Structures are given as C-alpha cells and as structure tokens.
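For reference, the structure discussed in these notes is given below.
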Amino acid sequence: MKAKPARKSLARAWSSSVVDGVERAPSRGMLYATGFQKQDFKKSQIGVASTWSMVTPCNMHIDQLAVSVAQGIGEAGGKAIVFNTITVSDGISMGTEGMKYSLVSREVIADSIETVVGCQGFDGLVAIGGCDKNMPGCIMAMGRLNRPAIFVYGGTILPGTHEGRDVDLVNIFEAVGRNAAGSCSGAEVEAIAEVAVPGAGSCGGMYTANTMASAIEALGMSLPNSSAQAAVSHDKTVDCEAAGRAVLELIRRGIRPRDIMTREAFENAMTLVIALGGSTNAVMHLIAMAHCAGVKLTLDDWTRVGKRVPVLADLKPSGKYVMARLVEIGGTVPLMKMLLDEGLMHGGALTVTGKTLAENLRKAPQYPKGQDVVRGFDNPIKSHSHLVVFRGNLCPGGAVGKISGKEGLRFEGRAIVFGREEDALRGILDGMVKKGHVIIIRQEGPKGGPGMREMLSPTSAIMGKGLGKDVALITDGRFSGGSHGFVIGHVTPEAFDGGPIAVIKNGDPITIDAEKRIVTLGVPALELEARLRRWKQPRPNYTSGVLAKYAATVTSASEGAVTDKGF
C-alpha cells in the first residue's frame with residue numbers, strides 16, 4: 001500500500017495569525033528580542049520541546065540534542081524555537097513519597113507542550129524525551145494538537161560493568177534485597193551503585209523508557225531506529241538533525257499526527273512492545289496516547305494482539321541483555337522487518353518519513369548470524385505475549401501482569417496485606433513476607449496514592465531475597481519496567497474506589513491463573529459482598545496542590561489514567 005497522497009501545505013497555518021500584519025507588530029517586536037530576523041517571520045515556526053534537566057542522567061544531554069534538532073530545522077528552511085518541559089526521575093524517587101509525582105508528570109508534560117505550542121502558534125513540533133513519562137507525555141500532546149510533529153528519543157545509556165558483567169540501575173535495587181538476605185555486603189552494594197549508571201541516557205534494559213521509545217517508533221512517530229541508539233553517539237546526533245528536516249516535509253505534505261496514529265499504528269506499537277518483552281507501563285501509556293489521538297484502545301485489544309505475537313528479544317529485566325546489545329546488532333528495524341514479513345504488523349501504516357512502514361522497511365538489514373539477542377519465530381522466548389490482562393473477582397475492571405514464563409503460570413497463596421509501598425518493603429526486608437504469600441499493596445492507585453507509584457523497590461527486594469518464585473505481588477499501583485517475578489498491577493477498581501482489593505484480609509486465599517487470565521479471591525461471594533457494603537472510602541491523602549488536582553480528574557488505570565476524559 002502506498003503512503004497517503006500529499007495534502008495542502010501547512011507551512012504557516014498557525015504562526016501567520018500570531019506574526020502577520022500591522023496589528024501583530026508587537027508580537028514581532030517581542031520575537032526580534034529572542035533572535036528573530038526579518039526573514040524568519042516568513043518561515044514555518046517549529047517548537048522544539050526539550051525535556052532537558054539535570055535532575056536525572058536520562059535527560060541531562062537533551063539540551064544538546066535540541067541544538068541538533070534546531071540545526072536540522074534551520075537547514076530545511078524553518079525557524080526553530082526551543083522550549084523546556086519538566087521532568088522527574090523515577091529511579092531517584094522510587095520508593096519514596098515523591099514517586100507519587102511520577103505519573104502526574106506525564107500529564108504535566110503533555111499539558112505544558114500543548115500550552116506552549118497552542119499559545120505561540122507553532123506550525124510544527126519536534127519533542128525530545130528521555131525518562132519514562134516524557135515519551136507518552138510528548139505523544140499525548142501531539143495527538144491533542146494534531147500539528148505536524150516528530151518524536152526523538154534521547155537514547156539509551158551504555159551499561160556499567162561490575163566484575164566483568166553488564167549492570168544497570170535495577171542491579172542496584174536487587175543488591176539492596178540481597179543485602180537484606182545476607183548475601184551481599186554493604187560495600188558491594190555501594191560498589192555496584194558507583195558503576196551501574198555511567199553517564200547520560202535512559203535506563204539500560206527493556207524497561208519503560210526503551211519500551212516506550214520502541215513503541216513510538218513502531219507507531220510511526222519517530223524516524224527509523226530512533227529508539228535504538230545510544231544517548232551519546234553520532235547516530236543520535238544524525239537522528240536529531242534528520243528529525244528537524246523531516247518535520248518541515250510533514251508540513252509541506254500536510255501530514256498530521258492523527259493521520260499517522262491510527263488503530264493499525266497502535267497495533268504495530270503493541271506488537272513491537274510484546275516482541276521486545278517490554279514494560280507493563282506500555283499498556284496504560286498506549287491507551288492514554290490513543291485517547292489523545294482519538295483512537296479507542298482497550299485492555300481487550302492487548303489480549304487480542306497478544307495471542308498472536310511472540311516474545312523474541314532476550315532483554316532485561318527477565319532476559320539476559322541490555323538495550324545497548326540490541327543497538328549493536330542493528331536495533332529495532334530488523335525486528336520490525338521480521339514481524340512485518342510474518343504478517344504481524346500493518347505495513348500500510350503511514351509514518352513520519354511520509355512513507356508507509358513497509359516502504360521504510362523494504363531494504364532493512366537482517367540481524368547478524370550467531371547473535372542471540374533476538375530469536376527467530378521457530379524458537380521464541382514465549383509463544384505469545386508476556387503482558388497478560390487479568391480479570392476475576394479481585395480485579396473485575398482488569399489488571400496487568402508481566403508473565404515471562406520463568407515465574408510459572410499459576411500461583412496459589414495467602415494474602416499478606418499492606419496499605420502502602422514502604423510498609424510492604426519493610427515487611428519483605430525484615431522477613432515478615434514468607435514463601436506462599438501473596439503480597440497485597442493497596443491505596444497506591446491513580447486516585448488513592450494518588451499517582452500510582454511503581455513498586456520497583458518491593459519487587460527488587462523480593463528478587464534479591466531469593467523469593468522470586470515463592471511469592472506473588474498484587475497492587476493497584478504499577479510496576480517499573482525493571483520489575484519481574486509473579487507481579488500483577490493496575491488492579492481496577494482501585495482500593496480508593498471501593499474495588500475488591502480494598503477488603504482483602506490477611507490470610508485470604510488467592511489464586512493467579514495466567515493461562516486463564518484470572519485472579520480469584522477465595523472468599524464466598526456473599527462474604528465479599530458484605531465486606532464491600534461495610535467498606536468506607538478513606539480520606540484523600542492530599543487535599544490541595546498538584547496531587548489533589550490529579551486525583552480529582554484522573555481516570556482508572558484501565559482507561560489510561562488520563563486527566564482530560566469527558567471534558
């Protein structure tokens with residue numbers, strides 16, 4: 001299928017109303033002061049949304065990438081205007097009260113980009129993201145604005161080295177758990193911490209940042225292989241300059257994000273996420289991104305696509321390799337060609353190159369012989385998706401688990417209930433949690449937390465203490481892409497809304513069946529109904545400020561945890 005024909009150019013569709021005419025002289029006067037020359041007012045104005053910040057290594061290099069994007073825009077005849085958004089660090093705030101702001105930052109980033117681009121009348125947008133929430137936040141803004149736009153991934157970090165093996169941030173979290181188990185000294189924990197994060201770039205495994213970057217490339221909103229480049233590399237600089245030039249071509253051809261972000265494109269994104277063994281966060285983020293693009297995407301779509309797509313990449317956290325090893329063998333492009341040739345991707349989907357996915361992949365190389373980072377279809381890591389959508393009387397609105405197969409397909413145990421992440425972590429480290437327990441962490445949902453914290457500290461402590469196959473964890477919060485083990489999150493309805501998770505008691509029997517995709521609370525129906533009738537909603541943890549506003553507007557995790565639905 002050929003790409004859609006060119007439409008009317010959008011060269012100055014928005015900026016002209018801001019700077020043209022005698023009455024707009026004050027606007028031009030302000031812009032002269034920022035460095036505009038007279039000829040610039042006849043150019044397409046392109047906003048360059050930089051998520052640069054020194055609060056995290058994921059983003060500390062993005063200011064320089066923004067310079068490269070602006071250079072590409074200038075070379076193509078446009079006028080670049082760089083502006084910043086916020087970012088926060090999941091890795092630094094993990095396990096603290098501050099982590100409640102993480103998912104909120106996705107909405108703030110989307111809102112801020114929409115606000116600046118809408119206010120300033122930019123004709124196009126290039127957004128550069130590094131840490132986890134940057135990426136869906138940028139795409140959500142693009143979907144809302146529907147002006148020609150391209151996303152650039154800031155790139156993956158190179159791995160650290162400890163005792164001759166690749167290490168990353170998750171290795172530090174798991175070392176903390178091993179220290180509690182007595183198998184890792186405090187000195188060794190610190191030695192790993194000193195080398196695991198060696199420089200700029202996003203966390204090195206197939207965690208949420210690399211997952212979402214890959215999804216966005218498959219969605220068609222990034223240039224080929226943008227998701228599979230080292231943060232500090234010549235390839236990334238070239239990617240940025242090319243994106244700057246490409247956005248002007250989108251403007252010339254009248255191609256907008258909603259022309260690209262179709263249902264078929266979202267299915268392509270889901271397919272690549274599954275093949276890569278990506279993060280559970282992708283489920284919620286892609287649903288949110290689709291909402292902003294006017295596409296209806298549900299949990300059931302993940303189940304449908306997941307039944308036909310295998311896991312092929314042996315990447316951390318469940319697998320062996322870091323993202324840098326995938327970059328070394330050719331990145332995501334050869335994998336997408338494999339999936340396309342197998343009939344698992346929609347080749348006719350339009351992309352930001354102005355070509356279809358199939359046209360982009362026509363001359364894609366194959367992976368080198370002998371590599372074992374990505375397997376063939378005859379030897380998959382798992383024959384169907386590792387991202388399992390669960391239902392059942394514990395989660396009637398849905399829940400999401402990452403079931404690689406290594407942790408088994410069924411777990412039966414007794415509940416041990418915690419009302420917050422910190423209490424659960426202490427229970428794990430102090431030995432309160434034992435073999436056969438199903439750890440329940442509640443009041444951590446989008447409204448109840450608020451903010452739906454990631455449970456990397458508890459899941460890493462479980463693995464570090466050697467309990468990965470002996471316990472399960474269920475939460476209305478969510479998980480870092482670095483989490484692995486028998487873990488299920490995004491439980492809906494959440495505890496704050498009176499979901500069944502709110503009334504689980506210590507010792508209640510719980511069965512997780514990954515083959516039937518059911519989580520069962522082994523309490524008689526009449527008893528469960530009685531408990532729910534007696535339940536009273538707790539007081540909110542925050543009554544003012546950003547977290548209170550978020551809790552008042554956010555939807556459930558199953559609906560993407562968005563804050564603009566129904567307005």
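By convention in this document, the chains of the structure tokens carry letters A, B, ... by their order, each chain's residues are numbered from 1, and ligands are numbered from 1 in the order they are shown.
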What are the DSSP helix (DSSP H, G or I) residues of range 88-209 of chain A, as a PyMOL selection string? chain A and resi 90-93+97-120+134-145+169-180+186-195+208-209
Can you list, as number ranges by chain, every protein, DNA or RNA residue that comes within 12 Å of Asp564 in chain A when you count only C-alpha atoms, leaving out same-chain residues fewer than 6 positions away? A: 107-108, 110-111, 140-141, 144, 288-289, 291-292, 549-550, 552-555
Neighbouring residues of Asp132 in chain A were defined as those with any atom within 10 Å, considering only C-alpha atoms; residues of the same chain fewer than 5 positions away were excluded. Please report them as a list in words.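 Here the answer would be Cys58, Thr87, Val88, Ser89, Asp90, Gly91, Ser102, Leu103, Ser105, Arg106, Gly137, Ser202, Cys203, Tyr207, Thr208, Ala209, Asn210, Thr211, Met212, Ala213, Asn281, Ser480 and Gly481 of chain A.
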Any chance you could list, as a PyMOL selection string, the residues in range 254-463 of chain A that come up strand (DSSP E) when DSSP is run on the backbone? chain A and resi 387-390+398-402+410-418+437-441
Would you compute the distance between CA of Leu276 in chain A and CA of Gly354 in chain A? Give it in Å to one decimal.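 We find that CA of Leu276 in chain A and CA of Gly354 in chain A lie 25.5 Å from each other.
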Ranking A:Pro26, A:Gly482, A:Gly348, A:Pro524 by minimum distance to Met94 in chain A and counting only C-alpha atoms, which one comes first? A:Gly482
Pick out the residues sitting within 12 Å of Trp302 in chain A, and hand them over as an mmCIF file with N, CA, C and O atoms, in the first residue's frame; count only C-alpha atoms, and ignore anything fewer than 4 positions along from it in its own chain.
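Result went into result_33.cif, see below:
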data_model
loop_
_atom_site.group_PDB
_atom_site.id
_atom_site.type_symbol
_atom_site.label_atom_id
_atom_site.label_comp_id
_atom_site.auth_asym_id
_atom_site.auth_seq_id
_atom_site.Cartn_x
_atom_site.Cartn_y
_atom_site.Cartn_z
ATOM 1 N N PHE A 266 -1.323 1.795 16.264
ATOM 2 C CA PHE A 266 -1.243 1.396 17.670
ATOM 3 C C PHE A 266 -1.064 -0.117 17.801
ATOM 4 O O PHE A 266 -0.352 -0.587 18.698
ATOM 5 N N GLU A 267 -1.670 -0.870 16.909
ATOM 6 C CA GLU A 267 -1.443 -2.315 16.940
ATOM 7 C C GLU A 267 0.008 -2.646 16.595
ATOM 8 O O GLU A 267 0.594 -3.585 17.155
ATOM 9 N N ASN A 268 0.606 -1.879 15.682
ATOM 10 C CA ASN A 268 2.034 -2.063 15.392
ATOM 11 C C ASN A 268 2.882 -1.798 16.630
ATOM 12 O O ASN A 268 3.842 -2.523 16.921
ATOM 13 N N ALA A 269 2.530 -0.739 17.355
ATOM 14 C CA ALA A 269 3.269 -0.408 18.577
ATOM 15 C C ALA A 269 3.139 -1.515 19.610
ATOM 16 O O ALA A 269 4.125 -1.921 20.242
ATOM 17 N N MET A 270 1.934 -2.024 19.789
ATOM 18 C CA MET A 270 1.705 -3.115 20.735
ATOM 19 C C MET A 270 2.504 -4.349 20.339
ATOM 20 O O MET A 270 3.103 -5.036 21.191
ATOM 21 N N THR A 271 2.536 -4.631 19.058
ATOM 22 C CA THR A 271 3.255 -5.809 18.552
ATOM 23 C C THR A 271 4.737 -5.733 18.871
ATOM 24 O O THR A 271 5.343 -6.702 19.338
ATOM 25 N N VAL A 273 6.211 -3.905 21.217
ATOM 26 C CA VAL A 273 6.377 -3.975 22.678
ATOM 27 C C VAL A 273 6.394 -5.425 23.146
ATOM 28 O O VAL A 273 7.237 -5.833 23.962
ATOM 29 N N ILE A 274 5.477 -6.216 22.626
ATOM 30 C CA ILE A 274 5.404 -7.625 23.027
ATOM 31 C C ILE A 274 6.639 -8.387 22.555
ATOM 32 O O ILE A 274 7.248 -9.142 23.313
ATOM 33 N N THR A 280 5.108 -3.355 31.507
ATOM 34 C CA THR A 280 3.655 -3.290 31.725
ATOM 35 C C THR A 280 3.130 -1.869 31.586
ATOM 36 O O THR A 280 1.962 -1.669 31.251
ATOM 37 N N ALA A 282 3.564 0.081 29.309
ATOM 38 C CA ALA A 282 3.159 0.338 27.922
ATOM 39 C C ALA A 282 1.658 0.166 27.742
ATOM 40 O O ALA A 282 1.054 0.849 26.907
ATOM 41 N N VAL A 283 1.055 -0.737 28.490
ATOM 42 C CA VAL A 283 -0.383 -0.973 28.357
ATOM 43 C C VAL A 283 -1.139 0.312 28.656
ATOM 44 O O VAL A 283 -1.961 0.793 27.860
ATOM 45 N N MET A 284 -0.854 0.893 29.800
ATOM 46 C CA MET A 284 -1.547 2.110 30.217
ATOM 47 C C MET A 284 -1.173 3.307 29.346
ATOM 48 O O MET A 284 -2.044 4.093 28.945
ATOM 49 N N LEU A 286 -0.052 3.449 26.192
ATOM 50 C CA LEU A 286 -0.586 3.404 24.829
ATOM 51 C C LEU A 286 -2.085 3.663 24.812
ATOM 52 O O LEU A 286 -2.603 4.295 23.889
ATOM 53 N N ILE A 287 -2.796 3.197 25.834
ATOM 54 C CA ILE A 287 -4.225 3.517 25.938
ATOM 55 C C ILE A 287 -4.410 5.023 26.093
ATOM 56 O O ILE A 287 -5.300 5.628 25.463
ATOM 57 N N LEU A 297 -8.749 2.452 22.361
ATOM 58 C CA LEU A 297 -7.902 1.305 22.636
ATOM 59 C C LEU A 297 -8.224 0.807 24.031
ATOM 60 O O LEU A 297 -8.377 1.610 24.961
ATOM 61 N N THR A 298 -8.354 -0.496 24.198
ATOM 62 C CA THR A 298 -8.765 -1.061 25.482
ATOM 63 C C THR A 298 -7.834 -2.189 25.908
ATOM 64 O O THR A 298 -6.995 -2.666 25.128
ATOM 65 N N GLY A 306 -1.963 -9.898 21.752
ATOM 66 C CA GLY A 306 -1.005 -10.731 22.458
ATOM 67 C C GLY A 306 -1.110 -12.211 22.165
ATOM 68 O O GLY A 306 -0.130 -12.953 22.294
ATOM 69 N N LYS A 307 -2.269 -12.669 21.740
ATOM 70 C CA LYS A 307 -2.445 -14.090 21.445
ATOM 71 C C LYS A 307 -1.664 -14.516 20.206
ATOM 72 O O LYS A 307 -1.354 -15.703 20.042
ATOM 73 N N ARG A 308 -1.313 -13.554 19.329
ATOM 74 C CA ARG A 308 -0.663 -13.919 18.070
ATOM 75 C C ARG A 308 0.797 -13.468 17.976
ATOM 76 O O ARG A 308 1.487 -13.839 17.032
ATOM 77 N N VAL A 309 1.266 -12.691 18.954
ATOM 78 C CA VAL A 309 2.621 -12.151 18.869
ATOM 79 C C VAL A 309 3.521 -12.807 19.922
ATOM 80 O O VAL A 309 3.213 -12.778 21.108
ATOM 81 N N HIS A 384 3.519 -16.426 23.015
ATOM 82 C CA HIS A 384 2.516 -15.367 22.999
ATOM 83 C C HIS A 384 2.920 -14.310 24.023
ATOM 84 O O HIS A 384 3.947 -14.441 24.684
ATOM 85 N N SER A 385 2.115 -13.302 24.177
ATOM 86 C CA SER A 385 2.534 -12.129 24.947
ATOM 87 C C SER A 385 2.825 -12.435 26.415
ATOM 88 O O SER A 385 2.121 -13.214 27.061
ATOM 89 N N HIS A 386 3.843 -11.762 26.920
ATOM 90 C CA HIS A 386 4.160 -11.780 28.350
ATOM 91 C C HIS A 386 3.283 -10.807 29.115
ATOM 92 O O HIS A 386 3.210 -10.883 30.349
ATOM 93 N N LEU A 387 2.654 -9.864 28.408
ATOM 94 C CA LEU A 387 1.773 -8.884 29.046
ATOM 95 C C LEU A 387 0.368 -9.474 29.095
ATOM 96 O O LEU A 387 -0.308 -9.577 28.066
ATOM 97 N N VAL A 388 -0.052 -9.867 30.282
ATOM 98 C CA VAL A 388 -1.304 -10.589 30.455
ATOM 99 C C VAL A 388 -2.316 -9.684 31.144
ATOM 100 O O VAL A 388 -2.047 -9.122 32.212
ATOM 101 N N VAL A 389 -3.492 -9.539 30.532
ATOM 102 C CA VAL A 389 -4.594 -8.799 31.137
ATOM 103 C C VAL A 389 -5.447 -9.782 31.925
ATOM 104 O O VAL A 389 -5.986 -10.744 31.365
ATOM 105 N N PHE A 390 -5.533 -9.547 33.230
ATOM 106 C CA PHE A 390 -6.287 -10.425 34.114
ATOM 107 C C PHE A 390 -7.662 -9.839 34.411
ATOM 108 O O PHE A 390 -7.852 -8.622 34.456
ATOM 109 N N GLY A 398 -10.129 -5.194 35.427
ATOM 110 C CA GLY A 398 -8.883 -5.530 34.760
ATOM 111 C C GLY A 398 -7.664 -5.304 35.634
ATOM 112 O O GLY A 398 -7.692 -4.557 36.616
ATOM 113 N N ALA A 399 -6.603 -5.995 35.300
ATOM 114 C CA ALA A 399 -5.287 -5.836 35.913
ATOM 115 C C ALA A 399 -4.264 -6.314 34.891
ATOM 116 O O ALA A 399 -4.608 -7.013 33.938
ATOM 117 N N VAL A 400 -3.008 -5.941 35.084
ATOM 118 C CA VAL A 400 -1.972 -6.250 34.103
ATOM 119 C C VAL A 400 -0.786 -6.902 34.803
ATOM 120 O O VAL A 400 -0.296 -6.404 35.823
ATOM 121 N N GLY A 401 -0.330 -8.016 34.246
ATOM 122 C CA GLY A 401 0.849 -8.695 34.772
ATOM 123 C C GLY A 401 1.867 -8.931 33.686
ATOM 124 O O GLY A 401 1.532 -9.007 32.498
ATOM 125 N N SER A 558 -7.168 1.258 33.841
ATOM 126 C CA SER A 558 -7.662 0.542 32.665
ATOM 127 C C SER A 558 -8.060 1.491 31.544
ATOM 128 O O SER A 558 -8.140 1.090 30.384
#
Non-local contacts of Gln71 in chain A (10 Å; only C-alpha atoms; under 4 positions in same chain excluded) as a PDB file with all heavy atoms, in the first residue's frame:
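File produced: result13.pdb:
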ATOM      1  N   LEU A  65      20.927  17.782  22.272  1.00  0.00           N
ATOM      2  CA  LEU A  65      20.145  17.177  21.191  1.00  0.00           C
ATOM      3  C   LEU A  65      19.178  18.193  20.595  1.00  0.00           C
ATOM      4  O   LEU A  65      18.934  18.191  19.382  1.00  0.00           O
ATOM      5  CB  LEU A  65      19.382  15.955  21.707  1.00  0.00           C
ATOM      6  CG  LEU A  65      20.223  14.792  22.251  1.00  0.00           C
ATOM      7  CD1 LEU A  65      19.329  13.594  22.587  1.00  0.00           C
ATOM      8  CD2 LEU A  65      21.313  14.385  21.259  1.00  0.00           C
ATOM      9  N   ALA A  66      18.632  19.068  21.440  1.00  0.00           N
ATOM     10  CA  ALA A  66      17.725  20.111  20.945  1.00  0.00           C
ATOM     11  C   ALA A  66      18.447  21.051  19.989  1.00  0.00           C
ATOM     12  O   ALA A  66      17.866  21.519  18.993  1.00  0.00           O
ATOM     13  CB  ALA A  66      17.127  20.890  22.126  1.00  0.00           C
ATOM     14  N   VAL A  67      19.719  21.329  20.259  1.00  0.00           N
ATOM     15  CA  VAL A  67      20.515  22.165  19.353  1.00  0.00           C
ATOM     16  C   VAL A  67      20.632  21.495  17.984  1.00  0.00           C
ATOM     17  O   VAL A  67      20.508  22.145  16.938  1.00  0.00           O
ATOM     18  CB  VAL A  67      21.911  22.418  19.954  1.00  0.00           C
ATOM     19  CG1 VAL A  67      22.824  23.094  18.932  1.00  0.00           C
ATOM     20  CG2 VAL A  67      21.803  23.272  21.207  1.00  0.00           C
ATOM     21  N   GLU A  75      18.271  24.160   8.501  1.00  0.00           N
ATOM     22  CA  GLU A  75      18.755  23.703   7.199  1.00  0.00           C
ATOM     23  C   GLU A  75      17.604  23.466   6.227  1.00  0.00           C
ATOM     24  O   GLU A  75      17.769  23.606   5.007  1.00  0.00           O
ATOM     25  CB  GLU A  75      19.559  22.410   7.366  1.00  0.00           C
ATOM     26  CG  GLU A  75      20.899  22.610   8.065  1.00  0.00           C
ATOM     27  CD  GLU A  75      21.571  21.296   8.390  1.00  0.00           C
ATOM     28  OE1 GLU A  75      20.945  20.221   8.166  1.00  0.00           O
ATOM     29  OE2 GLU A  75      22.716  21.312   8.872  1.00  0.00           O
ATOM     30  N   ALA A  76      16.437  23.096   6.760  1.00  0.00           N
ATOM     31  CA  ALA A  76      15.281  22.809   5.901  1.00  0.00           C
ATOM     32  C   ALA A  76      14.412  24.039   5.646  1.00  0.00           C
ATOM     33  O   ALA A  76      13.356  23.924   5.016  1.00  0.00           O
ATOM     34  CB  ALA A  76      14.441  21.699   6.541  1.00  0.00           C
ATOM     35  N   GLY A  78      13.124  26.192   8.068  1.00  0.00           N
ATOM     36  CA  GLY A  78      12.202  26.562   9.132  1.00  0.00           C
ATOM     37  C   GLY A  78      12.873  27.409  10.191  1.00  0.00           C
ATOM     38  O   GLY A  78      14.082  27.644  10.163  1.00  0.00           O
ATOM     39  N   LYS A  79      12.075  27.879  11.135  1.00  0.00           N
ATOM     40  CA  LYS A  79      12.586  28.647  12.271  1.00  0.00           C
ATOM     41  C   LYS A  79      12.292  27.857  13.545  1.00  0.00           C
ATOM     42  O   LYS A  79      11.131  27.638  13.895  1.00  0.00           O
ATOM     43  CB  LYS A  79      11.937  30.030  12.336  1.00  0.00           C
ATOM     44  CG  LYS A  79      12.329  30.850  13.566  1.00  0.00           C
ATOM     45  CD  LYS A  79      13.820  31.100  13.638  1.00  0.00           C
ATOM     46  CE  LYS A  79      14.173  31.949  14.869  1.00  0.00           C
ATOM     47  NZ  LYS A  79      15.639  32.120  15.025  1.00  0.00           N
ATOM     48  N   ALA A  80      13.332  27.427  14.237  1.00  0.00           N
ATOM     49  CA  ALA A  80      13.183  26.628  15.448  1.00  0.00           C
ATOM     50  C   ALA A  80      13.090  27.510  16.681  1.00  0.00           C
ATOM     51  O   ALA A  80      13.822  28.500  16.803  1.00  0.00           O
ATOM     52  CB  ALA A  80      14.360  25.669  15.589  1.00  0.00           C
ATOM     53  N   CYS A 240      18.671  13.454  15.319  1.00  0.00           N
ATOM     54  CA  CYS A 240      18.081  14.743  15.697  1.00  0.00           C
ATOM     55  C   CYS A 240      18.031  15.708  14.514  1.00  0.00           C
ATOM     56  O   CYS A 240      17.005  16.360  14.260  1.00  0.00           O
ATOM     57  CB  CYS A 240      18.882  15.358  16.836  1.00  0.00           C
ATOM     58  SG  CYS A 240      18.720  14.514  18.414  1.00  0.00           S
ATOM     59  N   GLU A 241      19.135  15.809  13.789  1.00  0.00           N
ATOM     60  CA  GLU A 241      19.171  16.707  12.633  1.00  0.00           C
ATOM     61  C   GLU A 241      18.160  16.258  11.579  1.00  0.00           C
ATOM     62  O   GLU A 241      17.465  17.095  10.976  1.00  0.00           O
ATOM     63  CB  GLU A 241      20.581  16.738  12.056  1.00  0.00           C
ATOM     64  CG  GLU A 241      21.606  17.373  12.991  1.00  0.00           C
ATOM     65  CD  GLU A 241      23.025  17.234  12.480  1.00  0.00           C
ATOM     66  OE1 GLU A 241      23.227  16.578  11.432  1.00  0.00           O
ATOM     67  OE2 GLU A 241      23.951  17.791  13.122  1.00  0.00           O
ATOM     68  N   ALA A 242      18.047  14.957  11.369  1.00  0.00           N
ATOM     69  CA  ALA A 242      17.106  14.431  10.373  1.00  0.00           C
ATOM     70  C   ALA A 242      15.666  14.698  10.783  1.00  0.00           C
ATOM     71  O   ALA A 242      14.811  15.001   9.939  1.00  0.00           O
ATOM     72  CB  ALA A 242      17.334  12.935  10.182  1.00  0.00           C
ATOM     73  N   GLY A 244      14.626  17.242  12.517  1.00  0.00           N
ATOM     74  CA  GLY A 244      14.377  18.654  12.248  1.00  0.00           C
ATOM     75  C   GLY A 244      14.025  18.906  10.792  1.00  0.00           C
ATOM     76  O   GLY A 244      13.132  19.707  10.482  1.00  0.00           O
ATOM     77  N   ARG A 245      14.725  18.223   9.898  1.00  0.00           N
ATOM     78  CA  ARG A 245      14.406  18.377   8.468  1.00  0.00           C
ATOM     79  C   ARG A 245      13.069  17.720   8.123  1.00  0.00           C
ATOM     80  O   ARG A 245      12.272  18.263   7.344  1.00  0.00           O
ATOM     81  CB  ARG A 245      15.523  17.775   7.619  1.00  0.00           C
ATOM     82  CG  ARG A 245      16.856  18.527   7.717  1.00  0.00           C
ATOM     83  CD  ARG A 245      17.852  18.025   6.682  1.00  0.00           C
ATOM     84  NE  ARG A 245      18.267  16.655   6.946  1.00  0.00           N
ATOM     85  CZ  ARG A 245      19.308  16.311   7.701  1.00  0.00           C
ATOM     86  NH1 ARG A 245      20.041  17.247   8.279  1.00  0.00           N
ATOM     87  NH2 ARG A 245      19.633  15.040   7.880  1.00  0.00           N
TER      88      ARG A 245
END
Within 9 Å of Gly186 in chain A using only C-alpha atoms, minus same-chain residues under 4 positions, as a PDB file with N, CA and C atoms, in the first residue's frame:
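Dumped everything to part.pdb:
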ATOM      1  N   ALA A 175      20.524  -5.550  44.540  1.00  0.00           N
ATOM      2  CA  ALA A 175      21.604  -5.713  45.515  1.00  0.00           C
ATOM      3  C   ALA A 175      21.139  -5.337  46.913  1.00  0.00           C
ATOM      4  N   VAL A 176      20.244  -4.345  47.005  1.00  0.00           N
ATOM      5  CA  VAL A 176      19.679  -3.980  48.312  1.00  0.00           C
ATOM      6  C   VAL A 176      18.932  -5.169  48.914  1.00  0.00           C
ATOM      7  N   ASN A 179      21.379  -7.719  50.062  1.00  0.00           N
ATOM      8  CA  ASN A 179      21.993  -7.280  51.306  1.00  0.00           C
ATOM      9  C   ASN A 179      21.112  -7.642  52.502  1.00  0.00           C
ATOM     10  N   GLU A 190      27.423  -0.630  47.415  1.00  0.00           N
ATOM     11  CA  GLU A 190      27.950   0.674  47.025  1.00  0.00           C
ATOM     12  C   GLU A 190      28.841   0.564  45.794  1.00  0.00           C
ATOM     13  N   ALA A 191      29.575  -0.533  45.682  1.00  0.00           N
ATOM     14  CA  ALA A 191      30.437  -0.720  44.508  1.00  0.00           C
ATOM     15  C   ALA A 191      29.606  -0.813  43.234  1.00  0.00           C
TER      16      ALA A 191
END
Test item: residues at most 10 Å from Lys236 in chain A, only C-alpha atoms, excluding those fewer than 6 positions along its chain, as number ranges by chain: A: 65, 68, 152-155, 225-230, 242
Those same residues - C-alpha atoms - I'd like them written as a CSV table (one decimal), in the first residue's frame.
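What ended up in out-v1.csv:
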chain,number,residue,atom,x,y,z
A,65,LEU,CA,20.1,17.2,21.2
A,68,SER,CA,20.9,19.4,16.7
A,152,VAL,CA,13.0,12.0,19.1
A,153,TYR,CA,14.2,9.5,21.8
A,154,GLY,CA,17.1,10.8,23.9
A,155,GLY,CA,18.7,7.4,23.7
A,225,ASN,CA,15.9,3.3,14.6
A,226,SER,CA,15.4,6.4,16.7
A,227,SER,CA,14.5,4.1,19.6
A,228,ALA,CA,17.7,2.0,19.3
A,229,GLN,CA,20.6,4.4,19.5
A,230,ALA,CA,23.0,5.2,22.4
A,242,ALA,CA,17.1,14.4,10.4
Hey, which bits of range 345-393 of chain A sit within 7 Å of range 324-340 of chain A, and for each residue what's the closest pair of atoms and how far apart in Å (one decimal), counting only C-alpha atoms, rows by chain and increasing number, as a tab-separated table?
residue	atom	partner	partner_atom	distance
A:Met345	CA	A:Leu340	CA	4.8
A:Gly347	CA	A:Leu340	CA	6.6
A:Leu361	CA	A:Lys337	CA	5.9
A:Ala364	CA	A:Pro334	CA	5.9
A:Pro365	CA	A:Pro334	CA	5.8
A:Gln366	CA	A:Pro334	CA	5.3
A:Tyr367	CA	A:Ile329	CA	6.1
A:Pro368	CA	A:Ile329	CA	6.6
A:Val373	CA	A:Leu326	CA	6.6
Point-to-point distance in Å for CA of Ile441 in chain A and CA of Glu421 in chain A: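 Computing it gives 6.3 Å between the two atoms.
Our summary of the geometry notes that CA of Glu23 in chain A is positioned 21.1 Å from CA of Ala11 in chain A.
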Using only C-alpha atoms, which residue out of A:Ile260, A:Ala502, A:Met455, A:Ala530 lies closest to Lys355 in chain A? A:Ile260
